[in-house]
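Peer 1: What follows is input.cif, mmCIF, C-alpha atoms.
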```
data_entry
loop_
_atom_site.label_atom_id
_atom_site.label_comp_id
_atom_site.auth_asym_id
_atom_site.auth_seq_id
_atom_site.Cartn_x
_atom_site.Cartn_y
_atom_site.Cartn_z
CA MET U 1 0.00 0.00 0.00
CA SER U 2 1.62 3.24 -1.13
CA GLN U 3 1.94 6.16 1.24
CA MET U 4 1.11 9.70 0.22
CA THR U 5 4.21 11.88 0.08
CA PRO U 6 4.17 15.59 1.02
CA GLY U 7 4.52 16.40 -2.68
CA SER U 8 1.55 14.27 -3.73
CA LEU U 9 -0.51 15.66 -0.83
CA PHE U 10 0.28 19.20 -1.94
CA ASN U 11 -0.72 18.37 -5.52
CA SER U 12 -3.97 16.78 -4.33
CA ILE U 13 -4.84 19.87 -2.29
CA LYS U 14 -3.87 22.11 -5.21
CA ASP U 15 -6.04 20.13 -7.65
CA TYR U 16 -9.01 20.09 -5.29
CA THR U 17 -8.69 23.83 -4.60
CA GLY U 18 -8.52 24.47 -8.35
CA PHE U 19 -11.66 22.38 -8.80
CA LEU U 20 -13.53 24.40 -6.16
CA VAL U 21 -12.38 27.73 -7.60
CA GLY U 22 -13.50 26.59 -11.06
CA ILE U 23 -16.88 25.44 -9.78
CA SER U 24 -17.41 28.66 -7.77
CA ARG U 25 -16.76 30.92 -10.81
CA PHE U 26 -14.18 33.27 -9.34
CA ARG U 27 -15.19 36.31 -11.38
CA PHE U 28 -18.66 36.22 -9.76
CA TRP U 29 -17.46 36.08 -6.13
CA ILE U 30 -17.92 39.83 -5.90
CA TYR U 31 -21.69 39.42 -6.40
CA THR U 32 -22.13 37.80 -2.98
CA GLY U 33 -19.01 38.96 -1.14
CA GLY U 34 -19.27 42.55 -2.35
CA THR U 35 -22.97 42.70 -1.48
CA TYR U 36 -22.13 41.47 2.02
CA VAL U 37 -19.49 44.18 2.51
CA ILE U 38 -21.82 46.94 1.27
CA GLY U 39 -24.65 45.76 3.52
CA TYR U 40 -22.42 45.61 6.58
CA THR U 41 -20.91 49.02 5.86
CA LEU U 42 -24.36 50.58 5.47
CA ALA U 43 -25.36 49.40 8.94
CA ALA U 44 -22.05 49.77 10.81
CA LYS U 45 -22.16 52.25 13.67
CA GLY U 46 -18.39 52.66 14.08
CA PHE U 47 -14.92 51.31 13.38
CA THR U 48 -15.26 48.75 16.17
CA ASP U 49 -17.98 46.91 14.20
CA PHE U 50 -15.26 45.86 11.75
CA LEU U 51 -13.27 44.28 14.59
CA SER U 52 -15.97 41.70 15.18
CA PRO U 53 -14.81 38.13 14.35
CA ALA U 54 -18.30 37.43 12.96
CA TYR U 55 -17.75 40.02 10.23
CA TYR U 56 -14.67 38.19 8.92
CA ILE U 57 -16.17 34.72 9.29
CA TYR U 58 -19.10 35.65 7.06
CA LEU U 59 -16.88 37.71 4.76
CA ILE U 60 -14.94 34.53 3.94
CA TYR U 61 -18.15 32.49 3.76
CA PHE U 62 -19.92 34.75 1.28
CA PHE U 63 -16.87 35.13 -0.93
CA PHE U 64 -15.99 31.47 -1.33
CA PRO U 65 -18.10 28.67 0.25
CA ALA U 66 -21.36 30.42 -0.69
CA ASN U 67 -20.33 30.47 -4.34
CA VAL U 68 -19.27 26.83 -4.23
CA PHE U 69 -22.82 26.13 -3.03
CA ILE U 70 -24.63 28.36 -5.56
CA TYR U 71 -22.77 27.23 -8.66
CA GLY U 72 -22.06 23.71 -7.43
CA VAL U 73 -25.80 23.05 -7.11
CA ASN U 74 -26.28 24.64 -10.52
CA ASP U 75 -23.65 22.43 -12.16
CA TYR U 76 -24.87 19.31 -10.37
CA TRP U 77 -28.44 19.64 -11.69
CA ASP U 78 -27.54 21.11 -15.10
CA GLU U 79 -24.99 18.53 -16.20
CA ASP U 80 -27.05 17.31 -19.18
CA THR U 81 -28.07 20.73 -20.51
CA ASP U 82 -24.64 22.25 -19.84
CA ARG U 83 -23.14 20.00 -22.50
CA LEU U 84 -25.07 22.06 -25.07
CA ASN U 85 -24.02 25.41 -23.61
CA PRO U 86 -21.15 27.06 -25.53
CA LYS U 87 -19.94 28.86 -22.37
CA LYS U 88 -19.17 25.60 -20.63
CA GLY U 89 -15.63 24.33 -21.08
CA SER U 90 -14.45 27.66 -22.48
CA ARG U 91 -15.38 30.42 -20.02
CA GLU U 92 -16.86 28.24 -17.28
CA HIS U 93 -15.96 24.88 -15.75
CA MET U 94 -17.61 21.90 -17.42
CA LEU U 95 -18.54 19.32 -14.80
CA MET U 96 -17.43 15.84 -15.81
CA GLN U 97 -19.21 12.66 -14.78
CA SER U 98 -16.13 11.62 -12.83
CA GLU U 99 -16.35 14.83 -10.76
CA ARG U 100 -19.96 14.41 -9.57
CA ARG U 101 -19.02 12.57 -6.38
CA LYS U 102 -16.36 15.17 -5.54
CA LEU U 103 -18.88 17.94 -6.14
CA ARG U 104 -21.55 16.22 -4.04
CA ASN U 105 -19.11 15.85 -1.13
CA SER U 106 -18.10 19.50 -1.48
CA LEU U 107 -21.75 20.59 -1.36
CA LEU U 108 -22.31 18.48 1.74
CA ALA U 109 -19.26 20.09 3.36
CA VAL U 110 -20.54 23.61 2.63
CA THR U 111 -23.97 22.61 3.92
CA GLY U 112 -22.33 21.37 7.12
CA ILE U 113 -20.46 24.67 7.51
CA SER U 114 -23.70 26.58 6.91
CA VAL U 115 -25.63 24.59 9.52
CA ALA U 116 -22.79 25.08 12.04
CA LEU U 117 -22.91 28.85 11.51
CA MET U 118 -26.65 28.92 12.26
CA PHE U 119 -26.05 27.85 15.87
CA SER U 120 -24.54 31.27 16.62
CA GLN U 121 -27.13 33.32 14.71
CA LYS U 122 -29.99 35.32 16.16
CA PRO U 123 -33.50 34.39 14.91
CA GLN U 124 -33.69 37.15 12.27
CA GLU U 125 -30.19 36.36 11.01
CA ALA U 126 -31.04 32.65 10.82
CA ILE U 127 -34.21 33.35 8.79
CA LEU U 128 -32.27 35.49 6.32
CA PHE U 129 -29.47 32.91 6.11
CA ILE U 130 -31.93 30.08 5.47
CA GLY U 131 -33.61 32.26 2.84
CA PHE U 132 -30.29 32.66 1.07
CA LEU U 133 -29.65 28.90 1.11
CA PHE U 134 -33.22 28.13 0.00
CA LEU U 135 -33.03 30.41 -3.04
CA SER U 136 -29.49 29.26 -3.86
CA TYR U 137 -30.52 25.61 -3.87
CA PHE U 138 -33.93 25.74 -5.51
CA TYR U 139 -32.89 28.15 -8.23
CA SER U 140 -31.39 25.08 -9.93
CA ALA U 141 -32.70 22.04 -8.05
CA PRO U 142 -36.04 20.28 -8.53
CA PRO U 143 -38.86 20.30 -7.76
CA LEU U 144 -39.02 24.12 -7.67
CA ARG U 145 -36.18 24.84 -10.13
CA PHE U 146 -36.91 28.56 -10.39
CA LYS U 147 -34.53 29.00 -13.34
CA GLU U 148 -37.09 27.35 -15.64
CA ARG U 149 -40.02 29.52 -14.54
CA PRO U 150 -40.45 32.92 -16.25
CA PHE U 151 -40.34 35.89 -13.85
CA LEU U 152 -39.52 33.59 -10.93
CA ASP U 153 -36.11 33.02 -12.51
CA PHE U 154 -34.96 36.61 -12.05
CA SER U 155 -36.96 37.14 -8.84
CA SER U 156 -35.29 34.16 -7.16
CA ASN U 157 -31.94 35.73 -7.95
CA TYR U 158 -32.61 37.95 -4.96
CA LEU U 159 -30.31 35.36 -3.41
CA TYR U 160 -27.45 37.67 -4.46
CA ILE U 161 -28.94 40.51 -2.38
CA MET U 162 -29.52 38.30 0.66
CA PRO U 163 -25.86 38.44 1.83
CA GLY U 164 -26.18 42.23 2.03
CA VAL U 165 -29.48 42.04 3.92
CA PHE U 166 -27.95 39.45 6.25
CA ALA U 167 -24.89 41.65 6.82
CA TYR U 168 -27.09 44.66 7.56
CA SER U 169 -28.95 42.60 10.17
CA LEU U 170 -25.66 41.26 11.57
CA ALA U 171 -24.32 44.78 12.12
CA SER U 172 -27.52 46.53 13.27
CA GLY U 173 -30.10 43.93 14.27
CA SER U 174 -32.57 45.51 11.84
CA LEU U 175 -33.45 45.37 8.15
CA PRO U 176 -32.60 47.95 5.44
CA GLU U 177 -35.24 50.45 4.37
CA PRO U 178 -37.77 49.13 1.82
CA ILE U 179 -36.48 51.46 -0.90
CA ILE U 180 -33.00 49.91 -0.58
CA LEU U 181 -34.51 46.42 -0.79
CA LEU U 182 -36.40 47.53 -3.91
CA ALA U 183 -33.21 48.92 -5.47
CA GLY U 184 -31.51 45.58 -4.85
CA TYR U 185 -34.38 43.71 -6.48
CA CYS U 186 -34.29 45.96 -9.57
CA HIS U 187 -30.55 45.49 -9.97
CA ILE U 188 -30.51 41.73 -9.63
CA ALA U 189 -33.62 41.29 -11.79
CA ALA U 190 -32.10 43.38 -14.58
CA MET U 191 -28.76 41.64 -14.35
CA HIS U 192 -30.27 38.16 -14.46
CA ILE U 193 -32.50 38.94 -17.43
CA PHE U 194 -29.63 40.54 -19.34
CA SER U 195 -27.29 37.62 -18.65
CA ALA U 196 -29.96 35.12 -19.76
CA VAL U 197 -30.54 36.76 -23.14
CA PRO U 198 -27.36 35.35 -24.78
CA ASP U 199 -28.57 31.85 -23.89
CA THR U 200 -32.09 32.32 -25.30
CA GLU U 201 -31.70 30.07 -28.33
CA TYR U 202 -29.75 27.44 -26.39
CA ASP U 203 -32.35 27.47 -23.58
CA ARG U 204 -35.19 27.17 -26.08
CA ARG U 205 -33.59 24.10 -27.67
CA ALA U 206 -32.91 22.60 -24.25
CA GLY U 207 -36.52 23.15 -23.16
CA ILE U 208 -35.62 25.69 -20.47
CA ASN U 209 -38.38 28.32 -20.30
CA THR U 210 -36.56 31.42 -19.04
CA THR U 211 -37.96 34.95 -19.10
CA PRO U 212 -36.15 35.80 -22.40
CA VAL U 213 -37.46 32.55 -23.95
CA PHE U 214 -41.00 33.41 -22.79
CA MET U 215 -40.92 37.11 -23.77
CA GLY U 216 -38.47 37.14 -26.64
CA GLU U 217 -35.02 38.70 -26.64
CA ARG U 218 -35.97 42.31 -27.43
CA ALA U 219 -38.78 42.45 -24.88
CA ALA U 220 -36.45 40.92 -22.28
CA LEU U 221 -33.79 43.52 -23.03
CA ALA U 222 -36.39 46.28 -22.65
CA LEU U 223 -37.49 44.84 -19.29
CA SER U 224 -33.87 44.65 -18.17
CA ALA U 225 -33.34 48.30 -19.14
CA ALA U 226 -36.51 49.30 -17.25
CA PHE U 227 -35.34 47.63 -14.05
CA TRP U 228 -31.92 49.25 -14.32
CA LEU U 229 -33.47 52.66 -15.00
CA ILE U 230 -35.55 52.35 -11.82
CA LEU U 231 -32.37 51.41 -9.93
CA SER U 232 -30.58 54.43 -11.40
CA PHE U 233 -33.28 56.91 -10.36
CA ILE U 234 -33.45 55.41 -6.85
CA THR U 235 -29.66 55.67 -6.53
CA VAL U 236 -29.59 59.30 -7.66
CA TYR U 237 -32.46 60.12 -5.28
CA LEU U 238 -30.87 58.40 -2.27
CA THR U 239 -27.55 60.20 -2.81
CA ASP U 240 -29.17 63.64 -3.19
CA LEU U 241 -28.01 64.00 -6.82
CA HIS U 242 -24.37 63.31 -6.01
CA PRO U 243 -22.41 63.57 -9.30
CA LEU U 244 -20.85 60.11 -8.94
CA SER U 245 -24.29 58.54 -8.54
CA PHE U 246 -25.03 59.23 -12.21
CA LEU U 247 -22.46 56.58 -13.13
CA VAL U 248 -25.17 54.03 -12.33
CA PHE U 249 -26.78 54.89 -15.66
CA ALA U 250 -24.02 52.76 -17.19
CA TYR U 251 -26.22 49.77 -16.32
CA PRO U 252 -29.26 50.55 -18.51
CA ALA U 253 -26.81 51.54 -21.25
CA PHE U 254 -25.93 47.83 -21.62
CA PRO U 255 -29.34 46.54 -22.78
CA LEU U 256 -30.25 49.80 -24.53
CA SER U 257 -27.07 49.72 -26.64
CA VAL U 258 -27.84 46.15 -27.74
CA LEU U 259 -31.43 47.13 -28.54
CA PHE U 260 -30.59 50.17 -30.66
CA PHE U 261 -27.24 49.31 -32.24
CA GLU U 262 -27.13 46.12 -34.30
CA ARG U 263 -23.34 46.03 -34.42
CA ILE U 264 -23.18 45.69 -30.61
CA ARG U 265 -23.48 42.00 -29.80
CA ILE U 266 -24.72 40.97 -26.36
CA GLU U 267 -22.54 37.86 -26.43
CA ARG U 268 -19.52 40.14 -26.18
CA VAL U 269 -20.94 42.98 -24.06
CA TYR U 270 -22.15 40.55 -21.39
CA TRP U 271 -18.60 39.67 -20.32
CA TYR U 272 -17.84 43.31 -19.44
CA LEU U 273 -20.64 43.40 -16.84
CA PRO U 274 -18.61 41.86 -13.96
CA TYR U 275 -15.97 44.58 -14.43
CA VAL U 276 -18.61 47.32 -14.31
CA ASN U 277 -20.15 45.73 -11.21
CA THR U 278 -16.76 45.58 -9.52
CA ALA U 279 -15.84 49.16 -10.46
CA LEU U 280 -19.16 50.73 -9.45
CA GLY U 281 -19.38 48.54 -6.35
CA GLY U 282 -15.91 49.70 -5.36
CA LEU U 283 -16.89 53.34 -5.84
CA LEU U 284 -20.02 52.78 -3.76
CA PHE U 285 -17.95 51.20 -0.99
CA LEU U 286 -15.47 54.10 -0.98
CA ALA U 287 -18.32 56.62 -0.93
CA LEU U 288 -19.96 54.79 1.98
CA ILE U 289 -16.69 54.63 3.92
CA ASN U 290 -16.08 58.34 3.34
CA HIS U 291 -19.62 59.16 4.48
CA LYS U 292 -19.41 56.85 7.49
CA ILE U 293 -16.02 58.16 8.64
CA PHE U 294 -17.40 61.70 8.59
CA HIS U 295 -20.16 60.63 11.00
CA TRP U 296 -18.05 58.31 13.14
CA ILE U 297 -15.38 60.91 13.96
#
```
In structure tokens, what does this structure look like?
Peer 2:
Amino acid sequence: MSQMTPGSLFNSIKDYTGFLVGISRFRFWIYTGGTYVIGYTLAAKGFTDFLSPAYYIYLIYFFFPANVFIYGVNDYWDEDTDRLNPKKGSREHMLMQSERRKLRNSLLAVTGISVALMFSQKPQEAILFIGFLFLSYFYSAPPLRFKERPFLDFSSNYLYIMPGVFAYSLASGSLPEPIILLAGYCHIAAMHIFSAVPDTEYDRRAGINTTPVFMGERAALALSAAFWLILSFITVYLTDLHPLSFLVFAYPAFPLSVLFFERIRIERVYWYLPYVNTALGGLLFLALINHKIFHWI
């Protein structure tokens, strides 16, 4: 019986870590982790809030394990249809049959971590946390499988806002104002619809009835633009017409440019969205920190 050498152990850990990073779609980590940071910063009452160990525990959780769970569940239940998706194997990890057991064990491990975290949560935090896990799982998993139900597909993507709502509750014990929750819904709805449009023909052939399949591509792009326009006006209003807030109008420019300019292809424009999200999210974080410091001093 051969013994594992330090070198082979290191390679095994490296390979497994690479597998998890591939499954979790690194470029999308900011969607959960960044939302968590923004939500916590909005509710923080002072510098000492950022010294809490709980802040860093959930910061790590929502950046990495949460994304292993979201996209791992997605890949586990979409293995058959993913083979027809041109994004898989080129821009995203293609789950192989030989990897299903490894993925299942990874999902069980993240579930175990999630359950362990609930033992230290207050009732409101636990409800929000369970809500996040529920939406993350049943977006892809049967019998609910929200991703195949028009309008529920983008609504269930509120799962990406839940880390921010959870963080707000963690820092303050309360929930954000309804207008902030509405802004989050508009953003995630628009983003999901826009990202689903490039897959319309593929989804139609695969029998997946998404909102763009149900409405048609142009109507879906118009709905995406409408949601992002509502977000933009809310943002400008909440910041009292701050000049930087007008940058948020970059979001509706994405679907509107595809609608009105034939030479602009959504298949290419779509891949710039994570960079815009990261840049504008970073600006929002810096603006919040600047505003908070002024009140904390």
Peer 1: Please indicate the distance in Å from CA of Val73 (chain U) to CA of Tyr137 (chain U), rounded to one decimal place.
Peer 2: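 That distance, rounded to one decimal, is 6.3 Å.
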Peer 1: In Å, how far is it from CA of Tyr31 (chain U) to CA of His192 (chain U)?
Peer 2: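 Atom-to-atom, CA of Tyr31 (chain U) to CA of His192 (chain U), that is 11.8 Å.
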Peer 1: Please list as an MDAnalysis selection string every residue within 8 Å of region 204-213 of chain U, counting all atoms listed in the file and excluding residues in the same chain fewer than 2 positions away.
Peer 2: chainID U and resid 81 84 147:151 153:154 193 196:197 200:202 215:217 219:220
Peer 1: So how many Å separate CA of Ala226 (chain U) and CA of Ile188 (chain U), to one decimal?
Peer 2: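 Going from CA of Ala226 (chain U) over to CA of Ile188 (chain U) covers 12.3 Å.
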Peer 1: I need the residue nearest Ile38 (chain U) from this list: U:Met118, U:Leu231, U:Ile180, U:Ala54. Use only C-alpha atoms for the distance.
Peer 2: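 With only C-alpha atoms as the atom set, the closest residue is U:Ile180.
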Peer 1: Since I can't run it myself right now, could you work out what the PyMOL selection byres ((chain U and resi 168) around 6) selects here and report it as a PyMOL selection string?
Peer 2: chain U and resi 39-40+43+165-167+169-171
Peer 1: What does the file look like for those residues with C-alpha atoms, as an mmCIF file, in the coordinates of the input?
Peer 2:
```cif
data_model
loop_
_atom_site.group_PDB
_atom_site.id
_atom_site.type_symbol
_atom_site.label_atom_id
_atom_site.label_comp_id
_atom_site.auth_asym_id
_atom_site.auth_seq_id
_atom_site.Cartn_x
_atom_site.Cartn_y
_atom_site.Cartn_z
ATOM 1 C CA GLY U 39 -24.650 45.760 3.520
ATOM 2 C CA TYR U 40 -22.420 45.610 6.580
ATOM 3 C CA ALA U 43 -25.360 49.400 8.940
ATOM 4 C CA VAL U 165 -29.480 42.040 3.920
ATOM 5 C CA PHE U 166 -27.950 39.450 6.250
ATOM 6 C CA ALA U 167 -24.890 41.650 6.820
ATOM 7 C CA SER U 169 -28.950 42.600 10.170
ATOM 8 C CA LEU U 170 -25.660 41.260 11.570
ATOM 9 C CA ALA U 171 -24.320 44.780 12.120
#
```
Peer 1: Closest to Ile161 (chain U) among U:Ile23, U:Val37, U:Leu103, U:Leu223, using only C-alpha atoms?
Peer 2: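 Residue with the minimum atom-to-atom distance to Ile161 (chain U): U:Val37.
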Peer 1: Which is closest to Arg218 (chain U) among U:Ser257, U:Asn105, U:Ser140, U:Ser114, if we use all atoms listed in the file?
Peer 2: U:Ser257
Peer 1: Report as a list in words all protein, DNA and RNA residues lying within 8 Å of region 59-62 of chain U, evaluated on all atoms listed in the file, omitting residues in the same chain fewer than 4 positions from it.
Peer 2: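 Surrounding residues, per the criterion: Trp29, Thr32, Gly33, Tyr36, Val37, Tyr55, Ala66, Asn67 and Pro163 of chain U.
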Peer 1: Of the candidates U:Tyr139, U:Glu177, U:Thr239, U:Leu20, which shows the shortest atom-to-atom distance to Tyr160 (chain U), using only C-alpha atoms?
Peer 2: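 The answer is U:Tyr139, which sits nearest to Tyr160 (chain U).
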Peer 1: Determine the residue set returned by the PyMOL selection byres ((chain U and resi 229) around 10) for the present structure, and present it as a list in words.
Peer 2: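 For this structure, the PyMOL selection byres ((chain U and resi 229) around 10) captures Cys186, His187, Ala190, Leu223, Ser224, Ala225, Ala226, Phe227, Trp228, Ile230, Leu231, Ser232, Phe233, Ile234, Thr235, Val248, Phe249, Ala250, Tyr251, Pro252 and Ala253 of chain U.
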Peer 1: Return the single residue from U:Ser106, U:Asp203, U:Gly173, U:Phe10 that is closest to Lys45 (chain U), with distances computed using all atoms listed in the file.
Peer 2: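 Going through U:Ser106, U:Asp203, U:Gly173, U:Phe10 one by one, the smallest distance to Lys45 (chain U) is for U:Gly173.
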Peer 1: The residues within 10 Å of (-34.1, 40.1, 13.3), using only C-alpha atoms and the coordinates of the file, should be reported as a list in words; which are they?
Peer 2: Gln121, Lys122, Pro123, Gln124, Glu125, Ala126, Ile127, Leu128, Phe166, Ser169, Leu170, Ser172, Gly173, Ser174 and Leu175 of chain U
Peer 1: Evaluate the PyMOL selection byres ((chain U and resi 271) around 12) against this structure - the residues, as a tab-separated table (two decimals) with C-alpha atoms, in the coordinates of the input, please.
Peer 2:
```tsv
chain	number	residue	atom	x	y	z
U	27	ARG	CA	-15.19	36.31	-11.38
U	28	PHE	CA	-18.66	36.22	-9.76
U	87	LYS	CA	-19.94	28.86	-22.37
U	91	ARG	CA	-15.38	30.42	-20.02
U	92	GLU	CA	-16.86	28.24	-17.28
U	191	MET	CA	-28.76	41.64	-14.35
U	194	PHE	CA	-29.63	40.54	-19.34
U	195	SER	CA	-27.29	37.62	-18.65
U	198	PRO	CA	-27.36	35.35	-24.78
U	254	PHE	CA	-25.93	47.83	-21.62
U	265	ARG	CA	-23.48	42.00	-29.80
U	266	ILE	CA	-24.72	40.97	-26.36
U	267	GLU	CA	-22.54	37.86	-26.43
U	268	ARG	CA	-19.52	40.14	-26.18
U	269	VAL	CA	-20.94	42.98	-24.06
U	270	TYR	CA	-22.15	40.55	-21.39
U	272	TYR	CA	-17.84	43.31	-19.44
U	273	LEU	CA	-20.64	43.40	-16.84
U	274	PRO	CA	-18.61	41.86	-13.96
U	275	TYR	CA	-15.97	44.58	-14.43
U	276	VAL	CA	-18.61	47.32	-14.31
U	277	ASN	CA	-20.15	45.73	-11.21
```
